[in-house]
$ cat entry.pdb   # PDB, C-alpha atoms
ATOM      1  CA  MET A   1     -30.867 -12.017 -31.988
ATOM      2  CA  ASP A   2     -29.711  -9.015 -33.983
ATOM      3  CA  PRO A   3     -25.975  -8.301 -34.298
ATOM      4  CA  THR A   4     -26.125  -5.041 -32.355
ATOM      5  CA  THR A   5     -27.672  -6.800 -29.373
ATOM      6  CA  ALA A   6     -25.092  -9.574 -29.654
ATOM      7  CA  ARG A   7     -22.258  -7.028 -29.677
ATOM      8  CA  ASP A   8     -23.771  -5.206 -26.673
ATOM      9  CA  GLN A   9     -24.130  -8.519 -24.841
ATOM     10  CA  LEU A  10     -20.462  -9.315 -25.457
ATOM     11  CA  GLU A  11     -19.452  -5.875 -24.181
ATOM     12  CA  THR A  12     -21.555  -6.299 -21.033
ATOM     13  CA  ILE A  13     -20.097  -9.757 -20.444
ATOM     14  CA  ARG A  14     -16.552  -8.448 -20.793
ATOM     15  CA  THR A  15     -17.209  -5.603 -18.324
ATOM     16  CA  LEU A  16     -18.733  -7.975 -15.779
ATOM     17  CA  MET A  17     -15.878 -10.435 -16.129
ATOM     18  CA  GLU A  18     -13.345  -7.661 -15.544
ATOM     19  CA  ARG A  19     -15.182  -6.446 -12.462
ATOM     20  CA  ALA A  20     -15.527  -9.956 -11.047
ATOM     21  CA  ALA A  21     -11.883 -10.888 -11.518
ATOM     22  CA  ILE A  22     -10.409  -9.940  -8.170
ATOM     23  CA  TYR A  23      -6.926 -10.498  -6.882
ATOM     24  CA  ARG A  24      -6.951 -13.686  -4.811
ATOM     25  CA  ARG A  25      -3.414 -14.413  -3.717
ATOM     26  CA  ALA A  26      -3.244 -15.403  -0.052
ATOM     27  CA  LEU A  27      -2.505 -12.263   1.928
ATOM     28  CA  ALA A  28      -1.800 -13.900   5.301
ATOM     29  CA  PRO A  29       1.879 -14.739   4.639
ATOM     30  CA  VAL A  30       2.435 -11.367   2.974
ATOM     31  CA  MET A  31       0.902  -9.366   5.815
ATOM     32  CA  THR A  32       2.701 -11.428   8.449
ATOM     33  CA  ALA A  33       6.063 -10.981   6.731
ATOM     34  CA  VAL A  34       5.567  -7.249   6.236
ATOM     35  CA  GLY A  35       4.433  -6.936   9.862
ATOM     36  CA  LEU A  36       7.501  -8.784  11.098
ATOM     37  CA  ILE A  37       9.779  -6.565   9.025
ATOM     38  CA  GLY A  38       8.074  -3.441  10.393
ATOM     39  CA  THR A  39       8.208  -4.640  13.982
ATOM     40  CA  VAL A  40      11.850  -5.711  13.883
ATOM     41  CA  ALA A  41      12.790  -2.489  12.072
ATOM     42  CA  GLY A  42      10.978  -0.480  14.726
ATOM     43  CA  LEU A  43      12.770  -2.244  17.543
ATOM     44  CA  LEU A  44      16.152  -1.817  15.868
ATOM     45  CA  ALA A  45      15.640   1.778  14.746
ATOM     46  CA  PRO A  46      16.795   3.563  17.926
ATOM     47  CA  LEU A  47      19.952   1.430  17.948
ATOM     48  CA  MET A  48      20.748   1.788  14.266
ATOM     49  CA  ILE A  49      20.165   5.384  13.245
ATOM     50  CA  ARG A  50      20.809   8.915  14.429
ATOM     51  CA  ASP A  51      17.979  10.992  15.909
ATOM     52  CA  THR A  52      17.439  13.194  12.881
ATOM     53  CA  ALA A  53      14.406  13.644  10.674
ATOM     54  CA  ARG A  54      16.461  12.747   7.605
ATOM     55  CA  ALA A  55      17.694   9.490   9.133
ATOM     56  CA  PHE A  56      14.182   8.680  10.330
ATOM     57  CA  ALA A  57      12.615   9.302   6.919
ATOM     58  CA  PHE A  58      15.148   7.385   4.861
ATOM     59  CA  TYR A  59      15.341   4.523   7.345
ATOM     60  CA  TRP A  60      11.575   3.954   7.110
ATOM     61  CA  LEU A  61      11.553   4.415   3.356
ATOM     62  CA  ALA A  62      14.161   1.651   3.151
ATOM     63  CA  VAL A  63      12.041  -0.521   5.455
ATOM     64  CA  GLY A  64       9.024   0.170   3.228
ATOM     65  CA  LEU A  65      10.991  -0.819   0.166
ATOM     66  CA  LEU A  66      12.119  -4.023   1.879
ATOM     67  CA  GLY A  67       8.503  -4.779   2.867
ATOM     68  CA  ALA A  68       7.228  -4.131  -0.663
ATOM     69  CA  SER A  69       9.974  -6.295  -2.186
ATOM     70  CA  THR A  70       9.180  -9.108   0.236
ATOM     71  CA  ALA A  71       5.476  -8.881  -0.598
ATOM     72  CA  PHE A  72       6.318  -8.973  -4.305
ATOM     73  CA  VAL A  73       8.537 -12.052  -3.919
ATOM     74  CA  LEU A  74       5.951 -13.898  -1.793
ATOM     75  CA  MET A  75       3.143 -13.225  -4.243
ATOM     76  CA  ARG A  76       5.338 -14.149  -7.177
ATOM     77  CA  ARG A  77       6.169 -17.423  -5.442
ATOM     78  CA  GLN A  78       2.481 -18.132  -4.877
ATOM     79  CA  ALA A  79       1.758 -17.585  -8.560
ATOM     80  CA  PHE A  80       4.740 -19.753  -9.518
ATOM     81  CA  ALA A  81       3.648 -22.543  -7.138
ATOM     82  CA  ALA A  82       0.161 -22.467  -8.650
ATOM     83  CA  SER A  83       1.674 -22.507 -12.188
ATOM     84  CA  GLU A  84      -0.125 -19.276 -12.945
ATOM     85  CA  PRO A  85       1.018 -15.980 -14.408
ATOM     86  CA  PHE A  86       1.883 -13.305 -11.847
ATOM     87  CA  TRP A  87       1.089 -10.201 -13.848
ATOM     88  CA  THR A  88      -2.629 -10.886 -14.361
ATOM     89  CA  PRO A  89      -5.238  -8.169 -15.064
ATOM     90  CA  PRO A  90      -6.344  -8.138 -11.382
ATOM     91  CA  ALA A  91      -2.675  -7.820 -10.303
ATOM     92  CA  ARG A  92      -2.257  -4.890 -12.700
ATOM     93  CA  ARG A  93      -5.366  -3.202 -11.302
ATOM     94  CA  VAL A  94      -4.161  -3.674  -7.714
ATOM     95  CA  ALA A  95      -0.741  -2.240  -8.592
ATOM     96  CA  SER A  96      -2.197   0.763 -10.376
ATOM     97  CA  ALA A  97      -4.567   1.432  -7.458
ATOM     98  CA  LEU A  98      -1.695   1.301  -4.966
ATOM     99  CA  LEU A  99       0.771   3.396  -6.923
ATOM    100  CA  PRO A 100      -0.460   7.027  -6.733
ATOM    101  CA  ALA A 101      -0.687   7.231  -2.927
ATOM    102  CA  LEU A 102       2.517   5.242  -2.412
ATOM    103  CA  PHE A 103       4.312   7.495  -4.867
ATOM    104  CA  ALA A 104       3.013  10.578  -3.041
ATOM    105  CA  GLY A 105       4.164   9.159   0.299
ATOM    106  CA  THR A 106       7.655   8.626  -1.078
ATOM    107  CA  ALA A 107       7.931  11.860  -3.061
ATOM    108  CA  VAL A 108       6.860  14.057  -0.156
ATOM    109  CA  VAL A 109       9.808  12.956   1.973
ATOM    110  CA  GLY A 110      12.513  14.950   0.163
ATOM    111  CA  PRO A 111      10.885  18.385   0.385
ATOM    112  CA  LEU A 112       9.662  17.832   3.959
ATOM    113  CA  VAL A 113      13.007  16.658   5.270
ATOM    114  CA  ASN A 114      14.833  19.483   3.535
ATOM    115  CA  ILE A 115      12.727  22.000   5.456
ATOM    116  CA  HIS A 116      14.290  21.012   8.737
ATOM    117  CA  GLN A 117      16.736  18.137   8.715
ATOM    118  CA  GLU A 118      17.288  17.852  12.443
ATOM    119  CA  GLY A 119      13.806  18.663  13.754
ATOM    120  CA  ALA A 120      11.669  16.114  15.499
ATOM    121  CA  MET A 121       8.518  17.862  14.231
ATOM    122  CA  ILE A 122       9.088  16.631  10.687
ATOM    123  CA  ALA A 123       9.633  13.085  11.898
ATOM    124  CA  VAL A 124       6.484  13.357  13.997
ATOM    125  CA  ALA A 125       4.519  14.692  11.001
ATOM    126  CA  LEU A 126       5.629  11.938   8.634
ATOM    127  CA  PRO A 127       3.956   8.886  10.266
ATOM    128  CA  PRO A 128       0.418  10.379  10.166
ATOM    129  CA  LEU A 129       0.949  11.422   6.561
ATOM    130  CA  TRP A 130       2.308   8.010   5.588
ATOM    131  CA  LEU A 131      -0.453   6.222   7.475
ATOM    132  CA  VAL A 132      -3.214   8.172   5.756
ATOM    133  CA  LEU A 133      -1.639   7.782   2.305
ATOM    134  CA  TYR A 134      -0.967   4.078   2.831
ATOM    135  CA  GLY A 135      -4.537   3.589   4.085
ATOM    136  CA  CYS A 136      -5.864   5.317   0.949
ATOM    137  CA  ALA A 137      -3.637   3.140  -1.261
ATOM    138  CA  VAL A 138      -4.809  -0.063   0.417
ATOM    139  CA  HIS A 139      -8.429   1.047   0.311
ATOM    140  CA  SER A 140      -8.183   1.768  -3.430
ATOM    141  CA  ALA A 141      -6.590  -1.607  -4.072
ATOM    142  CA  GLY A 142      -9.346  -3.175  -1.968
ATOM    143  CA  PHE A 143     -11.811  -2.643  -4.805
ATOM    144  CA  PHE A 144      -9.967  -5.391  -6.673
ATOM    145  CA  MET A 145      -9.350  -7.639  -3.685
ATOM    146  CA  PRO A 146     -11.458  -9.478  -1.120
ATOM    147  CA  ARG A 147     -13.598  -7.056   0.894
ATOM    148  CA  GLY A 148     -11.761  -7.138   4.235
ATOM    149  CA  ILE A 149      -8.762  -5.296   2.864
ATOM    150  CA  ARG A 150     -10.760  -2.062   2.511
ATOM    151  CA  LEU A 151     -11.467  -2.084   6.242
ATOM    152  CA  PHE A 152      -7.761  -2.615   6.812
ATOM    153  CA  GLY A 153      -7.132   0.498   4.694
ATOM    154  CA  TRP A 154      -9.644   2.461   6.758
ATOM    155  CA  GLY A 155      -7.808   1.306   9.878
ATOM    156  CA  PHE A 156      -4.621   2.971   8.626
ATOM    157  CA  VAL A 157      -6.441   6.166   7.678
ATOM    158  CA  ILE A 158      -7.988   6.384  11.148
ATOM    159  CA  ALA A 159      -4.678   5.528  12.846
ATOM    160  CA  GLY A 160      -3.027   8.309  10.803
ATOM    161  CA  LEU A 161      -5.647  10.849  11.805
ATOM    162  CA  LEU A 162      -5.434   9.838  15.452
ATOM    163  CA  SER A 163      -1.664  10.100  15.440
ATOM    164  CA  ALA A 164      -1.916  13.538  13.760
ATOM    165  CA  LEU A 165      -4.371  14.666  16.436
ATOM    166  CA  SER A 166      -2.118  13.286  19.119
ATOM    167  CA  ALA A 167       0.939  15.061  17.672
ATOM    168  CA  ALA A 168      -0.982  18.336  17.439
ATOM    169  CA  ASN A 169      -2.223  18.156  21.020
ATOM    170  CA  PRO A 170      -0.595  21.068  22.947
ATOM    171  CA  HIS A 171      -0.751  19.070  26.195
ATOM    172  CA  GLN A 172       1.160  16.242  24.588
ATOM    173  CA  ILE A 173       4.635  15.472  25.807
ATOM    174  CA  GLU A 174       7.473  16.951  23.730
ATOM    175  CA  PRO A 175       7.391  15.312  20.264
ATOM    176  CA  SER A 176      10.403  13.157  19.663
ATOM    177  CA  ILE A 177      11.798  10.987  16.914
ATOM    178  CA  ARG A 178      11.669   8.055  19.310
ATOM    179  CA  MET A 179       7.908   8.548  19.594
ATOM    180  CA  ALA A 180       7.638   8.627  15.803
ATOM    181  CA  HIS A 181       9.448   5.264  15.680
ATOM    182  CA  HIS A 182       6.917   3.888  18.163
ATOM    183  CA  VAL A 183       4.032   5.022  15.949
ATOM    184  CA  MET A 184       5.635   3.385  12.902
ATOM    185  CA  THR A 185       6.342   0.162  14.805
ATOM    186  CA  ALA A 186       2.832  -0.089  16.237
ATOM    187  CA  THR A 187       1.022   0.659  12.979
ATOM    188  CA  PHE A 188       3.099  -0.602  10.070
ATOM    189  CA  GLY A 189       4.644  -3.391  12.150
ATOM    190  CA  GLY A 190       1.915  -4.303  14.605
ATOM    191  CA  GLY A 191      -0.978  -3.521  12.261
ATOM    192  CA  HIS A 192       0.273  -5.784   9.473
ATOM    193  CA  LEU A 193       1.286  -8.485  11.909
ATOM    194  CA  ALA A 194      -2.130  -8.501  13.606
ATOM    195  CA  TYR A 195      -3.942  -8.551  10.255
ATOM    196  CA  GLY A 196      -1.642 -11.293   8.974
ATOM    197  CA  LEU A 197      -2.352 -13.438  12.024
ATOM    198  CA  TYR A 198      -6.078 -12.745  11.716
ATOM    199  CA  LEU A 199      -5.980 -13.803   8.061
ATOM    200  CA  ARG A 200      -4.034 -16.918   8.956
ATOM    201  CA  TRP A 201      -7.077 -18.066  10.934
ATOM    202  CA  THR A 202      -9.753 -16.884   8.564
ATOM    203  CA  GLU A 203      -8.374 -16.811   5.015
ATOM    204  CA  LYS A 204      -9.504 -19.504   2.630
ATOM    205  CA  LYS A 205      -7.053 -21.395   0.492
ATOM    206  CA  PRO A 206      -6.044 -19.235  -2.441
ATOM    207  CA  SER A 207      -7.418 -19.988  -5.824
ATOM    208  CA  ALA A 208      -6.522 -18.360  -9.134
TER     209      ALA A 208
ATOM    210  CA  MET B   1     -31.095 -11.134 -38.249
ATOM    211  CA  SER B   2     -33.608 -13.615 -36.849
ATOM    212  CA  PRO B   3     -32.754 -15.982 -33.995
ATOM    213  CA  GLU B   4     -33.532 -19.064 -36.136
ATOM    214  CA  PRO B   5     -29.974 -19.629 -37.420
ATOM    215  CA  PHE B   6     -28.855 -19.854 -33.760
ATOM    216  CA  PRO B   7     -31.288 -22.239 -32.086
ATOM    217  CA  ASN B   8     -28.574 -23.335 -29.676
ATOM    218  CA  LEU B   9     -28.510 -20.075 -27.741
ATOM    219  CA  ASP B  10     -28.888 -21.327 -24.188
ATOM    220  CA  ARG B  11     -32.196 -19.931 -22.957
ATOM    221  CA  VAL B  12     -31.249 -20.391 -19.302
ATOM    222  CA  ILE B  13     -28.128 -18.259 -19.704
ATOM    223  CA  HIS B  14     -29.666 -15.857 -22.187
ATOM    224  CA  GLU B  15     -31.852 -14.107 -19.586
ATOM    225  CA  LYS B  16     -30.197 -10.790 -18.638
ATOM    226  CA  ALA B  17     -29.756 -11.351 -14.890
ATOM    227  CA  ARG B  18     -28.593 -14.946 -15.291
ATOM    228  CA  LEU B  19     -26.170 -13.950 -18.016
ATOM    229  CA  ALA B  20     -24.713 -11.390 -15.604
ATOM    230  CA  ILE B  21     -24.354 -14.053 -12.899
ATOM    231  CA  VAL B  22     -22.708 -16.536 -15.228
ATOM    232  CA  SER B  23     -20.392 -13.859 -16.684
ATOM    233  CA  ALA B  24     -19.233 -12.806 -13.226
ATOM    234  CA  LEU B  25     -18.681 -16.389 -12.100
ATOM    235  CA  SER B  26     -16.810 -17.259 -15.272
ATOM    236  CA  ALA B  27     -14.048 -14.785 -14.382
ATOM    237  CA  THR B  28     -13.312 -16.271 -10.991
ATOM    238  CA  PRO B  29     -13.235 -19.716  -9.364
ATOM    239  CA  SER B  30     -15.999 -18.715  -6.945
ATOM    240  CA  LEU B  31     -17.736 -15.739  -5.386
ATOM    241  CA  THR B  32     -19.639 -15.458  -2.150
ATOM    242  CA  PHE B  33     -23.357 -14.726  -2.386
ATOM    243  CA  THR B  34     -22.710 -11.288  -0.862
ATOM    244  CA  ASP B  35     -19.914 -10.410  -3.284
ATOM    245  CA  LEU B  36     -22.033 -11.516  -6.223
ATOM    246  CA  ARG B  37     -25.033  -9.519  -4.982
ATOM    247  CA  ASN B  38     -22.899  -6.393  -4.487
ATOM    248  CA  LEU B  39     -21.180  -6.817  -7.843
ATOM    249  CA  LEU B  40     -24.419  -7.152  -9.766
ATOM    250  CA  GLY B  41     -26.530  -4.788  -7.660
ATOM    251  CA  MET B  42     -29.296  -7.364  -7.295
ATOM    252  CA  THR B  43     -31.603  -7.954  -4.349
ATOM    253  CA  ASP B  44     -31.197 -11.075  -2.225
ATOM    254  CA  GLY B  45     -34.506 -12.505  -3.450
ATOM    255  CA  ASN B  46     -33.802 -11.848  -7.090
ATOM    256  CA  LEU B  47     -30.324 -13.322  -6.942
ATOM    257  CA  THR B  48     -31.547 -16.358  -5.006
ATOM    258  CA  SER B  49     -34.257 -17.143  -7.540
ATOM    259  CA  HIS B  50     -31.899 -16.834 -10.517
ATOM    260  CA  LEU B  51     -29.235 -18.894  -8.775
ATOM    261  CA  ARG B  52     -31.814 -21.586  -8.110
ATOM    262  CA  ILE B  53     -32.699 -21.750 -11.805
ATOM    263  CA  LEU B  54     -29.022 -21.957 -12.747
ATOM    264  CA  GLN B  55     -28.424 -24.594 -10.086
ATOM    265  CA  GLU B  56     -31.375 -26.693 -11.301
ATOM    266  CA  ALA B  57     -29.965 -26.475 -14.825
ATOM    267  CA  GLY B  58     -26.659 -27.803 -13.463
ATOM    268  CA  LEU B  59     -24.765 -24.665 -14.455
ATOM    269  CA  VAL B  60     -23.965 -23.300 -11.001
ATOM    270  CA  ALA B  61     -22.955 -25.036  -7.776
ATOM    271  CA  LEU B  62     -23.786 -23.490  -4.415
ATOM    272  CA  THR B  63     -21.798 -24.425  -1.329
ATOM    273  CA  LYS B  64     -22.838 -23.448   2.160
ATOM    274  CA  SER B  65     -20.032 -23.245   4.701
ATOM    275  CA  ALA B  66     -20.998 -23.782   8.331
ATOM    276  CA  GLY B  67     -17.603 -23.734  10.006
ATOM    277  CA  GLU B  68     -17.156 -19.966  10.152
ATOM    278  CA  ALA B  69     -18.715 -17.384  12.432
ATOM    279  CA  ARG B  70     -21.393 -16.597   9.846
ATOM    280  CA  PRO B  71     -22.665 -19.214   7.398
ATOM    281  CA  GLN B  72     -21.623 -18.256   3.898
ATOM    282  CA  THR B  73     -22.897 -19.341   0.508
ATOM    283  CA  THR B  74     -20.285 -19.662  -2.192
ATOM    284  CA  CYS B  75     -21.309 -19.717  -5.839
ATOM    285  CA  ALA B  76     -19.262 -21.263  -8.639
ATOM    286  CA  LEU B  77     -19.806 -22.331 -12.208
ATOM    287  CA  THR B  78     -19.863 -26.076 -12.751
ATOM    288  CA  GLU B  79     -17.927 -27.646 -15.598
ATOM    289  CA  SER B  80     -21.095 -27.827 -17.679
ATOM    290  CA  GLY B  81     -21.789 -24.201 -16.724
ATOM    291  CA  ARG B  82     -18.407 -23.149 -18.103
ATOM    292  CA  THR B  83     -18.972 -25.194 -21.244
ATOM    293  CA  ALA B  84     -22.459 -23.733 -21.749
ATOM    294  CA  PHE B  85     -21.112 -20.214 -21.237
ATOM    295  CA  THR B  86     -18.277 -20.803 -23.699
ATOM    296  CA  HIS B  87     -20.790 -22.072 -26.266
ATOM    297  CA  TYR B  88     -23.031 -19.093 -25.604
ATOM    298  CA  LEU B  89     -20.121 -16.702 -26.196
ATOM    299  CA  GLY B  90     -19.287 -18.606 -29.371
ATOM    300  CA  HIS B  91     -22.815 -18.101 -30.649
ATOM    301  CA  LEU B  92     -22.736 -14.384 -29.891
ATOM    302  CA  GLU B  93     -19.418 -14.022 -31.686
ATOM    303  CA  GLN B  94     -20.804 -16.005 -34.592
ATOM    304  CA  ILE B  95     -23.768 -13.625 -34.886
ATOM    305  CA  VAL B  96     -21.464 -10.593 -34.858
ATOM    306  CA  SER B  97     -18.991 -12.090 -37.353
ATOM    307  CA  GLN B  98     -21.757 -13.201 -39.757
ATOM    308  CA  PHE B  99     -23.120  -9.669 -39.715
ATOM    309  CA  ARG B 100     -19.631  -8.262 -40.400
ATOM    310  CA  LYS B 101     -19.172 -10.635 -43.321
ATOM    311  CA  SER B 102     -22.588  -9.851 -44.812
ATOM    312  CA  SER B 103     -22.137  -6.098 -44.431
ATOM    313  CA  SER B 104     -18.655  -6.135 -45.967
ATOM    314  CA  ALA B 105     -19.738  -8.307 -48.925
ATOM    315  CA  PRO B 106     -20.215  -6.364 -52.196
TER     316      PRO B 106
END
$ encode --input "entry.pdb" --output "structure tokens"
Amino acid sequence: MDPTTARDQLETIRTLMERAAIYRRALAPVMTAVGLIGTVAGLLAPLMIRDTARAFAFYWLAVGLLGASTAFVLMRRQAFAASEPFWTPPARRVASALLPALFAGTAVVGPLVNIHQEGAMIAVALPPLWLVLYGCAVHSAGFFMPRGIRLFGWGFVIAGLLSALSAANPHQIEPSIRMAHHVMTATFGGGHLAYGLYLRWTEKKPSA
Amino acid sequence: MSPEPFPNLDRVIHEKARLAIVSALSATPSLTFTDLRNLLGMTDGNLTSHLRILQEAGLVALTKSAGEARPQTTCALTESGRTAFTHYLGHLEQIVSQFRKSSSAP
């Protein structure tokens, strides 16, 4: 074998190994925990915060941060229990796939809420936007994870579009912040919880 | 450079499609048949025939699961498969490094 072919072979092998190395931490406990957080937060929201767009937006951003932190801790614990490094190349790829859309979903809140701090319309507009962006983030990350997660991402994108269509429907009842909480609870809470429970039944034992 | 100085290059692994299969499996504990097929862009028949050769050589283990809704074939490298792949990589690196040495020599 000539050296050029050998070098090309090594390059091809490296590329294939990178593409094959997918993130395999068990998602069932993560999804269930995030779903529980979302559901409980949704149930508590009307009792805990004022009916303003600003309160709505920052409340759910805080819930999102809590969910993300919980997911991080659970995955870190899995890696620790398996005596494996947490920040592996697949983990880095998943994080970098998630980041742009999640960043956009967070960054858009300030300008939108400043437009009209008290208005229900902004609060009603945020869930579809967040759902679509979150769905895109999950779908992107799905290229480095087991296949089912991409469908889960599509589910959020479709839920976001449906909720946007529903909010834009002129025959719809008056948009309210309470309704926006319901959308958040059903999708981010219920969606994760349902997927977590589904994975609990179907997910194989994690490996590497 | 002729292949003679490296007679130990594993001929089973050396074939392009099988090398791709072994490379993909080396990066992960196991992959389903479908994931492997999608990753490598191979047809079912082609992948099956190469997997059979690798399995007969003792380099790959295939497990069929029957308990789920759809039966699924999982592919994984065996211990000897990992060892053979590591040796194969060693040989490739040796070829490249020998060339570097000879080209940098005065």
$ resolve_selection --input "entry.pdb" --expression "the PyMOL selection byres ((chain B) within 9 of (chain A))" --output "PyMOL selection string"
chain B and resi 1-4+6+16+19-31+35-36+39-40+68+89+91-93+95-100
$ axis_aligned_box --input "entry.pdb" --around "region 52-58 of chain B" --padding-each-side "8 Å" --output "lines of an AutoDock Vina configuration file"
center_x = -29.7
center_y = -24.7
center_z = -11.5
size_x = 22.0
size_y = 22.2
size_z = 22.7
$ closest_residue --input "entry.pdb" --among "B:Thr43, B:Thr48, B:Thr32, B:Ser104" --to "Thr73 (chain B)" --atoms "only C-alpha atoms"
B:Thr32
$ closest_residue --input "entry.pdb" --among "A:Ala68, A:Ala141, A:Met75, A:Leu162" --to "Gly35 (chain A)" --atoms "all atoms listed in the file"
A:Ala68
$ resolve_selection --input "entry.pdb" --expression "the PyMOL selection byres ((chain A and resi 48-51) around 10)" --output "list in words"
Ala41, Leu43, Leu44, Ala45, Pro46, Leu47, Thr52, Ala53, Arg54, Ala55, Phe56, Phe58, Tyr59, Glu118, Gly119, Ala120, Ala123, Ser176, Ile177 and Arg178 of chain A
$ residues_around --input "entry.pdb" --residues "region 179-190 of chain A" --least-positions-apart "6" --cutoff "7 Å" --atoms "only C-alpha atoms" --output "PyMOL selection string"
chain A and resi 35-39+42+123-124+127
$ residues_near_point --input "entry.pdb" --point "(-1.3, -6.7, 9.9)" --cutoff "10 Å" --atoms "only C-alpha atoms" --output "list in words"
Leu27, Ala28, Val30, Met31, Thr32, Ala33, Val34, Gly35, Leu36, Gly38, Phe152, Thr187, Phe188, Gly189, Gly190, Gly191, His192, Leu193, Ala194, Tyr195, Gly196, Leu197, Tyr198 and Leu199 of chain A
$ closest_residue --input "entry.pdb" --among "A:Ile149, A:Ala168, A:Val73, A:Ala79" --to "Pro128 (chain A)" --atoms "all atoms listed in the file"
A:Ala168
$ resolve_selection --input "entry.pdb" --expression "the PyMOL selection byres ((chain A and resi 98-112) around 10)" --output "PyMOL selection string"
chain A and resi 53-54+57-58+61+64+92-97+113-117+122-123+125-127+129-142
$ atom_distance --input "entry.pdb" --atom1 "CA of Arg82 (chain B)" --atom2 "CA of Asn46 (chain B)"
22.0 Å
$ decode --input "entry.pdb" --residues "region 178-191 of chain A" --atoms "N, CA, C and O atoms" --output "CSV table (one decimal), in the first residue's frame"
chain,number,residue,atom,x,y,z
A,178,ARG,N,-53.1,33.1,30.7
A,178,ARG,CA,-53.4,31.8,31.3
A,178,ARG,C,-53.4,30.7,30.2
A,178,ARG,O,-52.9,29.6,30.4
A,179,MET,N,-53.9,31.1,29.0
A,179,MET,CA,-53.9,30.1,27.9
A,179,MET,C,-52.4,29.8,27.5
A,179,MET,O,-52.1,28.6,27.2
A,180,ALA,N,-51.6,30.8,27.5
A,180,ALA,CA,-50.2,30.6,27.2
A,180,ALA,C,-49.5,29.7,28.2
A,180,ALA,O,-48.7,28.8,27.8
A,181,HIS,N,-49.9,29.8,29.4
A,181,HIS,CA,-49.4,28.8,30.4
A,181,HIS,C,-49.8,27.4,30.1
A,181,HIS,O,-49.0,26.5,30.3
A,182,HIS,N,-51.1,27.3,29.7
A,182,HIS,CA,-51.6,25.9,29.4
A,182,HIS,C,-50.8,25.3,28.2
A,182,HIS,O,-50.5,24.1,28.2
A,183,VAL,N,-50.5,26.2,27.2
A,183,VAL,CA,-49.7,25.7,26.1
A,183,VAL,C,-48.3,25.2,26.5
A,183,VAL,O,-47.8,24.1,26.2
A,184,MET,N,-47.7,26.0,27.4
A,184,MET,CA,-46.4,25.6,27.9
A,184,MET,C,-46.4,24.4,28.7
A,184,MET,O,-45.5,23.5,28.6
A,185,THR,N,-47.4,24.2,29.6
A,185,THR,CA,-47.6,23.1,30.4
A,185,THR,C,-47.8,21.8,29.6
A,185,THR,O,-47.1,20.8,29.8
A,186,ALA,N,-48.7,21.9,28.6
A,186,ALA,CA,-49.0,20.7,27.8
A,186,ALA,C,-47.8,20.3,27.0
A,186,ALA,O,-47.6,19.1,26.8
A,187,THR,N,-47.1,21.2,26.4
A,187,THR,CA,-46.0,20.9,25.5
A,187,THR,C,-44.7,20.6,26.2
A,187,THR,O,-44.2,19.5,26.2
A,188,PHE,N,-44.1,21.6,26.9
A,188,PHE,CA,-42.8,21.4,27.5
A,188,PHE,C,-43.0,20.5,28.7
A,188,PHE,O,-42.1,19.7,29.0
A,189,GLY,N,-44.1,20.5,29.5
A,189,GLY,CA,-44.3,19.6,30.6
A,189,GLY,C,-44.8,18.3,30.1
A,189,GLY,O,-44.1,17.3,30.2
A,190,GLY,N,-46.0,18.3,29.5
A,190,GLY,CA,-46.6,17.0,29.1
A,190,GLY,C,-45.8,16.3,28.0
A,190,GLY,O,-45.7,15.1,28.0
A,191,GLY,N,-45.3,17.1,27.0
A,191,GLY,CA,-44.5,16.4,25.9
A,191,GLY,C,-43.3,15.7,26.4
A,191,GLY,O,-43.1,14.5,26.1
